There are 2 protein chains.
Amino acid sequence: MHDALRPMPAEFHVFDTTLRDGAQQEGLRLSVPDKLVIAGLLDELGVGFIEGGWPGANPNDTAFFAAMAAGQQQLLNSQLVAFGFTRRVGMKAADDPLTAALRDSRAPIACVVAKSHDRHVEQALRTTLGENLDMITDTVRHLRAEGQRVFVDCEHFFDGYRDNPGYALEAVRTAADAGAEVVVLCDTNGGMLPPGIGEIVAAAAQTGAQLGIHCHNDTGCAVANTLAAVDAGAMHVQGTINGYGERTGNADLVSVIANLELKYGWPLLPAGSLREATRLSHAIAEVTNVPPSARQPYVGLSSFAHKAGLHASAIKVDPNLYQHIDPVEVGNDMRMLVSDMAGRANIQIKGEELGFDLSDRELASRITDLVKVAEAGGYTYEAADASFELLLRRELNQLPELFSVQSWRVFTQSTHGQETDTECTVRLSAKGQSQRVVGEGNGPINALDHAVRNALVMAYPVVDRFELIDYRVRILDQGHGTDATVRVLIQTTDGRRAWTTVGVGQNIVEASWEALEEAYLYGLIHSATWQPEPSQEPVSVRV
Amino acid sequence: MHDALRPMPAEFHVFDTTLRDGAQQEGLRLSVPDKLVIAGLLDELGVGFIEGGWPGANPNDTAFFAAMAAGQQQLLNSQLVAFGFTRRVGMKAADDPLTAALRDSRAPIACVVAKSHDRHVEQALRTTLGENLDMITDTVRHLRAEGQRVFVDCEHFFDGYRDNPGYALEAVRTAADAGAEVVVLCDTNGGMLPPGIGEIVAAAAQTGAQLGIHCHNDTGCAVANTLAAVDAGAMHVQGTINGYGERTGNADLVSVIANLELKYGWPLLPAGSLREATRLSHAIAEVTNVPPSARQPYVGLSSFAHKAGLHASAIKVDPNLYQHIDPVEVGNDMRMLVSDMAGRANIQIKGEELGFDLSDRELASRITDLVKVAEAGGYTYEAADASFELLLRRELNQLPELFSVQSWRVFTQSTHGQETDTECTVRLSAKGQSQRVVGEGNGPINALDHAVRNALVMAYPVVDRFELIDYRVRILDQGHGTDATVRVLIQTTDGRRAWTTVGVGQNIVEASWEALEEAYLYGLIHSATWQPEPSQEPVSVRV
């Protein structure tokens with residue numbers, strides 16, 4: 001622990017703003033269900049505070065806070081924060097509906113943005129420097145009186161300090177005096193470098209306020225700027241998972257936390273949580289549908305990958321000669337890119353997890369090669385464990401033929417002024433009986449699903465319990481238009497457990513079909529194992 | 001220029017290692033022609049030094065140096081550097097073929113890696129600490145005697161300094177005494193943070209050697225670490241364009257240069273070159289085929305894009321209130337994004353950019369409401385400028401009816417053992433003629449594209465120039481399986497410019513059709529405006 005310049009403060013806040021400032025990223029849109037899922041993942045990571053959005057101003061955010069208040073997502077580790085602004089110019093905080101919306105959100109904490117740069121007060125807010133200070137006092141006092149804890153974000157603080165240090169510090173003092181628990185210094189335009197951050201945070205610390213830091217990555221220094229502020233006295237760090245955010249993004253909270261835990265030796269998260277960082281970072285990327293960067297510090301797919309060769313033998317002697325931390329600390333893995341040694345061991349472990357004996361070296365190598373070829377072609381088994389199990393069973397001759405498909409057809413028709421119509425026919429045999437069945441749906445995949453379900457339900461009534469609960473599409477090689485390779489992940493449940501399958505192809509319908517067929521096959525194999533009670537309901541044929 | 005802690009040194013090196021260390025990135029492979037093109041682009045950017053590879057060890061790199069020596073790529077601003085290691089243990093430098101390969105590369109400069117971490121000497125090199133120092137002296141003296149300038153990279157220097165500062169500094173002194181012009185301190189494993197870098201570089205500066213810095217991004221601090229070394233005395237910075245490199249990558253030289261030029265006020269590149277940075281960064285990404293990050297500092301597509309509605313009115317008053325530099329300085333642009341957080345001011349600015357007068361408040365409010373309703377339904381206009389323009393034209397009654405679609409049908413069929421077949425028919429009228437045309441494709445969207453193109457090409461031969469270059473699918477409400485709403489973004493080019501359109505629906509084919517129809521409509525409107533020369537080629541009907 002070489003890197004901490006001071007002991008860990010008695011109180012230290014990890015404040016996540018993925019759902020508010022992260023959502024400002026170009027192309028990123030979060031629905032209310034998306035936000036609820038991400039809030040659950042952030043709580044699992046164990047951040048202290050989750051800023052959920054701006055209630056009152058954004059209907060989506062208002063709905064998110066209502067859903068949280070209704071208990072749709074329980075938080076075990078984190079506290080919910082509602083974002084807002086100081087009251088409007090020339091109004092009382094008690095009369096401002098946006099201030100009331102903060103309280104109505106039922107979040108225990110309000111984080112209120114205040115201006116601290118004189119030019120922004122005069123040119124953007126178009127009011128006097130004194131009125132801006134009154135707005136801070138009035139808003140903080142009102143919210144405190146209404147029972148909320150209050151943090152104040154000082155917007156454009158660093159640029160403001162460089163233009164007019166006295167006024168910027170006055171804004172900090174005013175917020176603290178009015179009852180703000182933390183005053184967060186924001187590098188809103190992101191133009192700072194670490195020495196400037198350190199110097200100005202140290203100056204602000206002279207006010208006696210408890211300080212936080214909020215950085216953007218416009219100079220490529222958001223993480224380092226955040227640490228420079230901590231070194232200079234900040235006890236509260238704001239950031240977003242995977243560095244999502246407007247322009248170049250916010251400080252990546254994953255890197256900030258990992259640096260503070262592993263380099264400073266400060267235990268910020270609940271014990272063991274950091275070891276979930278890679279999984280949680282990737283799970284959140286699945287929800288945002290922003291492809292994760294393989295080069296992301298700590299949690300990227302490539303972050304502990306070594307091109308073998310020179311290093312390989314030395315790495316075997318002592319991996320710590322070639323890695324700055326043990327990747328297990330953040331739930332990541334060292335990978336050797338040329339040799340298959342990491343690969344085979346992984347496959348053996350994974351096989352054992354699923355109940356297959358892969359101790360035979362030659363067998364494990366053959367399966368490792370199969371996985372490599374498939375992954376090079378666009379398959380991924382990290383999420384699709386059901387497809388991985390089917391691959392294993394195929395290689396081990398443990399794949400029962402529960403049904404076989406002769407052909408399928410999908411047909412979509414749109415006529416001006418009429419609703420689009422989609423129909424699918426499937427010809428398959430199961431338990432010795434050949435059938436030709438039709439299904440319709442609101443799209444080709446939905447129609448395929450209905451048709452295959454209708455075809456199988458006679459032979460296997462249990463499929464009536466199967467439900468497709470998630471369907472994801474990723475274009476693998478961008479830049480080739482509709483010729484691109486497509487990967488489809490389908491998640492299916494039988495009400496007791498869920499499983500994920502993968503399909504790949506240039507034709508999205510074909511790739512979806514592959515994932516769908518595997519979803520039914522996997523579900524049937526495991527239904528047989530579990531010996532479900534015979535269904536008492538009459539078999540319904542949905543067409 | 002707040003950020004320079006000292007005056008610019010009289011001599012300062014910008015050293016690019018994209019072609020050597022950058023090429024270690026997972027999935028990145030550079031052919032000799034690729035390397036020649038990138039060398040030309042780096043020379044255009046005006047970096048002082050281009051490290052081209054490791055001649056003798058890597059046949060591809062040997063061929064690259066031969067091609068450079070043969071004048072296949074002239075360098076106007078940069079000097080070529082050959083990379084290698086100190087001579088082998090127990091051999092004379094004069095007898096080591098890899099040392100000879102450095103001279104044979106005909107590069108004027110050799111950059112030689114030396115070990116400076118005692119544990120690496122003993123465990124990886126398996127020799128004595130004394131022999132390692134002899135290897136440094138012997139190799140540097142030999143290369144100098146053969147007429148090359150020599151830089152020495154001290155591998156694992158920072159970890160080495162922390163384990164055994166005396167030996168690490170002895171390696172620096174040995175290299176400088178033997179005639180190395182610059183001794184480059186390498187954070188090979190990338191685990192350092194800026195204060196540690198600053199402290200250790202300052203200690204190394206006591207040797208009197210001229211120092212360089214080489215950082216990796218494993219803590220997310222490569223750029224800040226590089227600047228910390230410069231602040232502490234380094235006069236030579238190594239990095240790669242776009243931060244390519246092994247694991248998390250090297251320091252992004254684009255950010256390092258932009259920070260030093262624009263924040264420190266140090267003119268490192270030839271005058272005007274920094275204004276080419278965005279173009280050159282993207283051109284190099286085209287060659288490496290690594291999709292550029294929209295969030296990359298300074299040169300990313302999103303790096304000066306603003307979304308928040310509340311900023312928009314103030315941006316109109318003074319853009320510098322909301323950006324840390326003028327994007328023109330790096331050849332980038334400010335962009336206003338249209339989004340559901342957008343207010344009327346955003347829409348007005350965006351409309352003006354597209355050449356529409358939206359100064360009428362009532363009109364602008366009506367369009368803002370339309371955008372909000374559409375975005376609530378899943379549309380997004382921040383990427384889909386073309387669909388936004390069509391929305392504006394529809395509302396302003398400026399949308400010509402260039403064609404009208406009566407109906408379309410798509411059909412996908414898969415029979416066991418045969419290739420999947422997809423076919424589409426479209427019925428539409430254009431210029432008074434009704435047509436029914438068929439197209440096939442490798443998937444339903446591809447088939448739709450072929451059919452609509454075939455149907456329009458008679459009336460509008462220009463569509464033959466249109467090409468779909470990107471197709472993205474996003475499932476909007478995860479967790480509803482195949483019933484989910486789907487958003488499709490399609491990017492189309494006519495060879496001169498590209499435009500993006502959006503479609504939304506529960507049926508992926510229908511959503512794709514909507515985006516496709518808008519893509520053709522927008523392209524045709526702008527083709528008419530630009531009055532292209534009539535095509536002399538015979539119209540080809542592709543089926």
# chains A, B, ... in the order shown; residues from 1 in each chain; ligands from 1
>>> closest_atom_pairs(of="chain B", to="chain A", cutoff="6 Å", atoms="only C-alpha atoms", output="tab-separated table")
residue	atom	partner	partner_atom	distance
B:Ala124	CA	A:Ala314	CA	5.3
B:Asn189	CA	A:His324	CA	5.5
B:Gly191	CA	A:His324	CA	4.9
B:Asp218	CA	A:Pro297	CA	5.0
B:Thr219	CA	A:Pro297	CA	5.8
B:Gly220	CA	A:Pro297	CA	5.6
B:Cys221	CA	A:Ala224	CA	5.7
B:Ala224	CA	A:Cys221	CA	5.7
B:Arg247	CA	A:Ser303	CA	4.1
B:Thr248	CA	A:Arg295	CA	4.0
B:Arg295	CA	A:Thr248	CA	4.0
B:Gln296	CA	A:Thr248	CA	5.9
B:Pro297	CA	A:Asp218	CA	5.0
B:Ser302	CA	A:Arg247	CA	4.8
B:Ser303	CA	A:Arg247	CA	4.1
B:Phe304	CA	A:Arg247	CA	5.6
B:Ala305	CA	A:Arg247	CA	5.5
B:Ala314	CA	A:Ala124	CA	4.9
B:Tyr322	CA	A:Asn189	CA	5.9
B:Gln323	CA	A:Asn189	CA	5.5
B:His324	CA	A:Gly191	CA	4.9
B:Gln406	CA	A:His416	CA	5.1
B:Ser407	CA	A:Thr415	CA	4.1
B:Trp408	CA	A:Ser414	CA	5.3
B:Arg409	CA	A:Gln413	CA	4.2
B:Val410	CA	A:Thr412	CA	5.1
B:Phe411	CA	A:Phe411	CA	4.4
B:Thr412	CA	A:Val410	CA	5.1
B:Gln413	CA	A:Arg409	CA	4.2
B:Ser414	CA	A:Trp408	CA	5.3
B:Thr415	CA	A:Ser407	CA	4.0
B:His416	CA	A:Gln406	CA	5.1
B:Asn442	CA	A:Asn507	CA	5.6
B:Gly443	CA	A:Asn507	CA	4.1
B:Asn446	CA	A:Thr482	CA	5.3
B:Leu468	CA	A:Gly481	CA	4.9
B:Ile469	CA	A:Gly481	CA	4.1
B:Asp470	CA	A:Gly481	CA	3.9
B:Tyr471	CA	A:Gly481	CA	5.0
B:Gly479	CA	A:Asp470	CA	4.7
B:His480	CA	A:Ile469	CA	5.2
B:Gly481	CA	A:Asp470	CA	4.0
B:Thr482	CA	A:Asn446	CA	5.2
B:Asn507	CA	A:Gly443	CA	4.0
>>> residues_around(residues="Arg279 (chain A)", least_positions_apart="6", cutoff="10 Å", atoms="only C-alpha atoms", output="compact mmCIF listing (two decimals) with all heavy atoms, in the first residue's frame")
# COMPACT_ATOMS: atom_id res chain seq x y z
N LEU A 41 -27.93 -3.91 -9.03
CA LEU A 41 -26.53 -4.31 -9.24
C LEU A 41 -25.58 -3.38 -8.48
O LEU A 41 -24.57 -3.83 -7.92
CB LEU A 41 -26.21 -4.31 -10.74
CG LEU A 41 -26.99 -5.36 -11.57
CD1 LEU A 41 -26.87 -5.07 -13.07
CD2 LEU A 41 -26.50 -6.77 -11.26
N LEU A 45 -22.89 -4.26 -5.58
CA LEU A 45 -21.49 -3.82 -5.51
C LEU A 45 -21.21 -3.16 -4.16
O LEU A 45 -20.09 -3.21 -3.66
CB LEU A 45 -21.20 -2.85 -6.67
CG LEU A 45 -19.76 -2.33 -6.78
CD1 LEU A 45 -18.77 -3.48 -7.02
CD2 LEU A 45 -19.65 -1.31 -7.92
N ALA A 285 -23.28 -3.29 -18.20
CA ALA A 285 -23.11 -3.04 -19.64
C ALA A 285 -24.15 -3.78 -20.46
O ALA A 285 -24.59 -3.30 -21.51
CB ALA A 285 -21.70 -3.44 -20.08
N VAL A 299 -11.37 -4.32 -15.04
CA VAL A 299 -12.46 -5.25 -15.35
C VAL A 299 -12.58 -5.58 -16.83
O VAL A 299 -13.47 -6.34 -17.22
CB VAL A 299 -13.81 -4.72 -14.82
CG1 VAL A 299 -13.76 -4.64 -13.30
CG2 VAL A 299 -14.15 -3.37 -15.45
N VAL A 330 -10.42 -8.34 -8.29
CA VAL A 330 -11.54 -7.63 -8.93
C VAL A 330 -12.41 -8.59 -9.74
O VAL A 330 -13.20 -8.16 -10.57
CB VAL A 330 -11.02 -6.49 -9.85
CG1 VAL A 330 -10.42 -5.36 -9.00
CG2 VAL A 330 -9.99 -7.00 -10.86
N GLY A 331 -12.25 -9.89 -9.48
CA GLY A 331 -13.07 -10.88 -10.18
C GLY A 331 -12.71 -11.06 -11.63
O GLY A 331 -13.52 -11.55 -12.42
N ASN A 332 -11.49 -10.69 -12.02
CA ASN A 332 -11.06 -10.86 -13.40
C ASN A 332 -10.08 -12.03 -13.46
O ASN A 332 -9.78 -12.64 -12.43
CB ASN A 332 -10.40 -9.55 -13.90
CG ASN A 332 -10.56 -9.37 -15.41
OD1 ASN A 332 -10.74 -10.31 -16.17
ND2 ASN A 332 -10.48 -8.12 -15.85
>>> select_by_dssp(residues="region 79-182 of chain A", states="alpha helix (DSSP H)", output="PyMOL selection string")
chain A and resi 97-104+118-120+129-145+157-163+165-178
>>> atom_distance(atom1="CA of Leu402 (chain A)", atom2="CA of Ser429 (chain A)")
8.8 Å
>>> closest_residue(among="A:Phe388, A:Tyr381, A:Phe158, A:Phe15", to="Ile50 (chain A)", atoms="only C-alpha atoms")
A:Phe15
>>> atom_distance(atom1="CA of Glu122 (chain A)", atom2="CA of Ala345 (chain B)")
18.7 Å
>>> residues_around(residues="Glu11 (chain B)", least_positions_apart="4", cutoff="12 Å", atoms="only C-alpha atoms", output="NGL selection string")
:B and (7 or 48 or 181-182 or 210-212 or 233-237 or 266-268)
>>> write_last_selection(atoms="N, CA, C and O atoms", output="PDB file, in the first residue's frame")
ATOM      1  N   PRO B   7       8.823  25.695 -17.027  1.00  0.00           N
ATOM      2  CA  PRO B   7       8.897  26.124 -18.433  1.00  0.00           C
ATOM      3  C   PRO B   7       9.154  24.909 -19.331  1.00  0.00           C
ATOM      4  O   PRO B   7       9.681  23.890 -18.869  1.00  0.00           O
ATOM      5  N   GLY B  48       7.862  13.392 -33.052  1.00  0.00           N
ATOM      6  CA  GLY B  48       9.302  13.438 -33.302  1.00  0.00           C
ATOM      7  C   GLY B  48       9.873  12.076 -33.675  1.00  0.00           C
ATOM      8  O   GLY B  48      10.785  11.983 -34.513  1.00  0.00           O
ATOM      9  N   GLU B 181      21.140   8.520 -24.908  1.00  0.00           N
ATOM     10  CA  GLU B 181      20.744   9.930 -24.967  1.00  0.00           C
ATOM     11  C   GLU B 181      19.588  10.208 -24.001  1.00  0.00           C
ATOM     12  O   GLU B 181      19.542  11.261 -23.355  1.00  0.00           O
ATOM     13  N   VAL B 182      18.657   9.248 -23.940  1.00  0.00           N
ATOM     14  CA  VAL B 182      17.510   9.356 -23.031  1.00  0.00           C
ATOM     15  C   VAL B 182      17.351   8.010 -22.323  1.00  0.00           C
ATOM     16  O   VAL B 182      17.504   6.966 -22.961  1.00  0.00           O
ATOM     17  N   GLN B 210      19.064  12.330 -18.863  1.00  0.00           N
ATOM     18  CA  GLN B 210      17.849  12.870 -19.491  1.00  0.00           C
ATOM     19  C   GLN B 210      16.811  11.768 -19.448  1.00  0.00           C
ATOM     20  O   GLN B 210      17.066  10.652 -19.912  1.00  0.00           O
ATOM     21  N   LEU B 211      15.604  12.079 -18.928  1.00  0.00           N
ATOM     22  CA  LEU B 211      14.626  11.019 -18.646  1.00  0.00           C
ATOM     23  C   LEU B 211      13.418  11.057 -19.563  1.00  0.00           C
ATOM     24  O   LEU B 211      12.943  12.127 -19.953  1.00  0.00           O
ATOM     25  N   GLY B 212      12.935   9.865 -19.891  1.00  0.00           N
ATOM     26  CA  GLY B 212      11.669   9.708 -20.601  1.00  0.00           C
ATOM     27  C   GLY B 212      10.692   8.923 -19.738  1.00  0.00           C
ATOM     28  O   GLY B 212      11.051   8.399 -18.681  1.00  0.00           O
ATOM     29  N   GLY B 233      10.312  16.254 -14.349  1.00  0.00           N
ATOM     30  CA  GLY B 233      11.571  16.400 -15.054  1.00  0.00           C
ATOM     31  C   GLY B 233      11.755  15.633 -16.345  1.00  0.00           C
ATOM     32  O   GLY B 233      12.741  15.853 -17.055  1.00  0.00           O
ATOM     33  N   ALA B 234      10.835  14.728 -16.701  1.00  0.00           N
ATOM     34  CA  ALA B 234      10.999  13.974 -17.954  1.00  0.00           C
ATOM     35  C   ALA B 234      10.899  14.926 -19.148  1.00  0.00           C
ATOM     36  O   ALA B 234      10.112  15.877 -19.140  1.00  0.00           O
ATOM     37  N   MET B 235      11.718  14.658 -20.186  1.00  0.00           N
ATOM     38  CA  MET B 235      11.717  15.510 -21.385  1.00  0.00           C
ATOM     39  C   MET B 235      11.374  14.682 -22.629  1.00  0.00           C
ATOM     40  O   MET B 235      11.610  15.120 -23.752  1.00  0.00           O
ATOM     41  N   HIS B 236      10.770  13.504 -22.396  1.00  0.00           N
ATOM     42  CA  HIS B 236      10.499  12.563 -23.482  1.00  0.00           C
ATOM     43  C   HIS B 236       9.276  11.753 -23.062  1.00  0.00           C
ATOM     44  O   HIS B 236       9.281  11.158 -21.979  1.00  0.00           O
ATOM     45  N   VAL B 237       8.210  11.778 -23.875  1.00  0.00           N
ATOM     46  CA  VAL B 237       6.988  11.041 -23.529  1.00  0.00           C
ATOM     47  C   VAL B 237       6.719   9.977 -24.577  1.00  0.00           C
ATOM     48  O   VAL B 237       6.755  10.245 -25.777  1.00  0.00           O
ATOM     49  N   TRP B 266       2.658  24.301 -24.391  1.00  0.00           N
ATOM     50  CA  TRP B 266       3.945  23.894 -24.968  1.00  0.00           C
ATOM     51  C   TRP B 266       3.746  23.498 -26.433  1.00  0.00           C
ATOM     52  O   TRP B 266       3.093  22.492 -26.718  1.00  0.00           O
ATOM     53  N   PRO B 267       4.325  24.210 -27.377  1.00  0.00           N
ATOM     54  CA  PRO B 267       4.126  23.885 -28.796  1.00  0.00           C
ATOM     55  C   PRO B 267       5.005  22.707 -29.214  1.00  0.00           C
ATOM     56  O   PRO B 267       6.155  22.886 -29.604  1.00  0.00           O
ATOM     57  N   LEU B 268       4.467  21.485 -29.151  1.00  0.00           N
ATOM     58  CA  LEU B 268       5.268  20.279 -29.407  1.00  0.00           C
ATOM     59  C   LEU B 268       5.257  19.870 -30.866  1.00  0.00           C
ATOM     60  O   LEU B 268       6.244  19.357 -31.383  1.00  0.00           O
TER      61      LEU B 268
END
>>> residues_around(residues="Ala519 (chain A)", least_positions_apart="4", cutoff="7 Å", atoms="only C-alpha atoms", output="NGL selection string")
:A and (492 or 501 or 515 or 523)
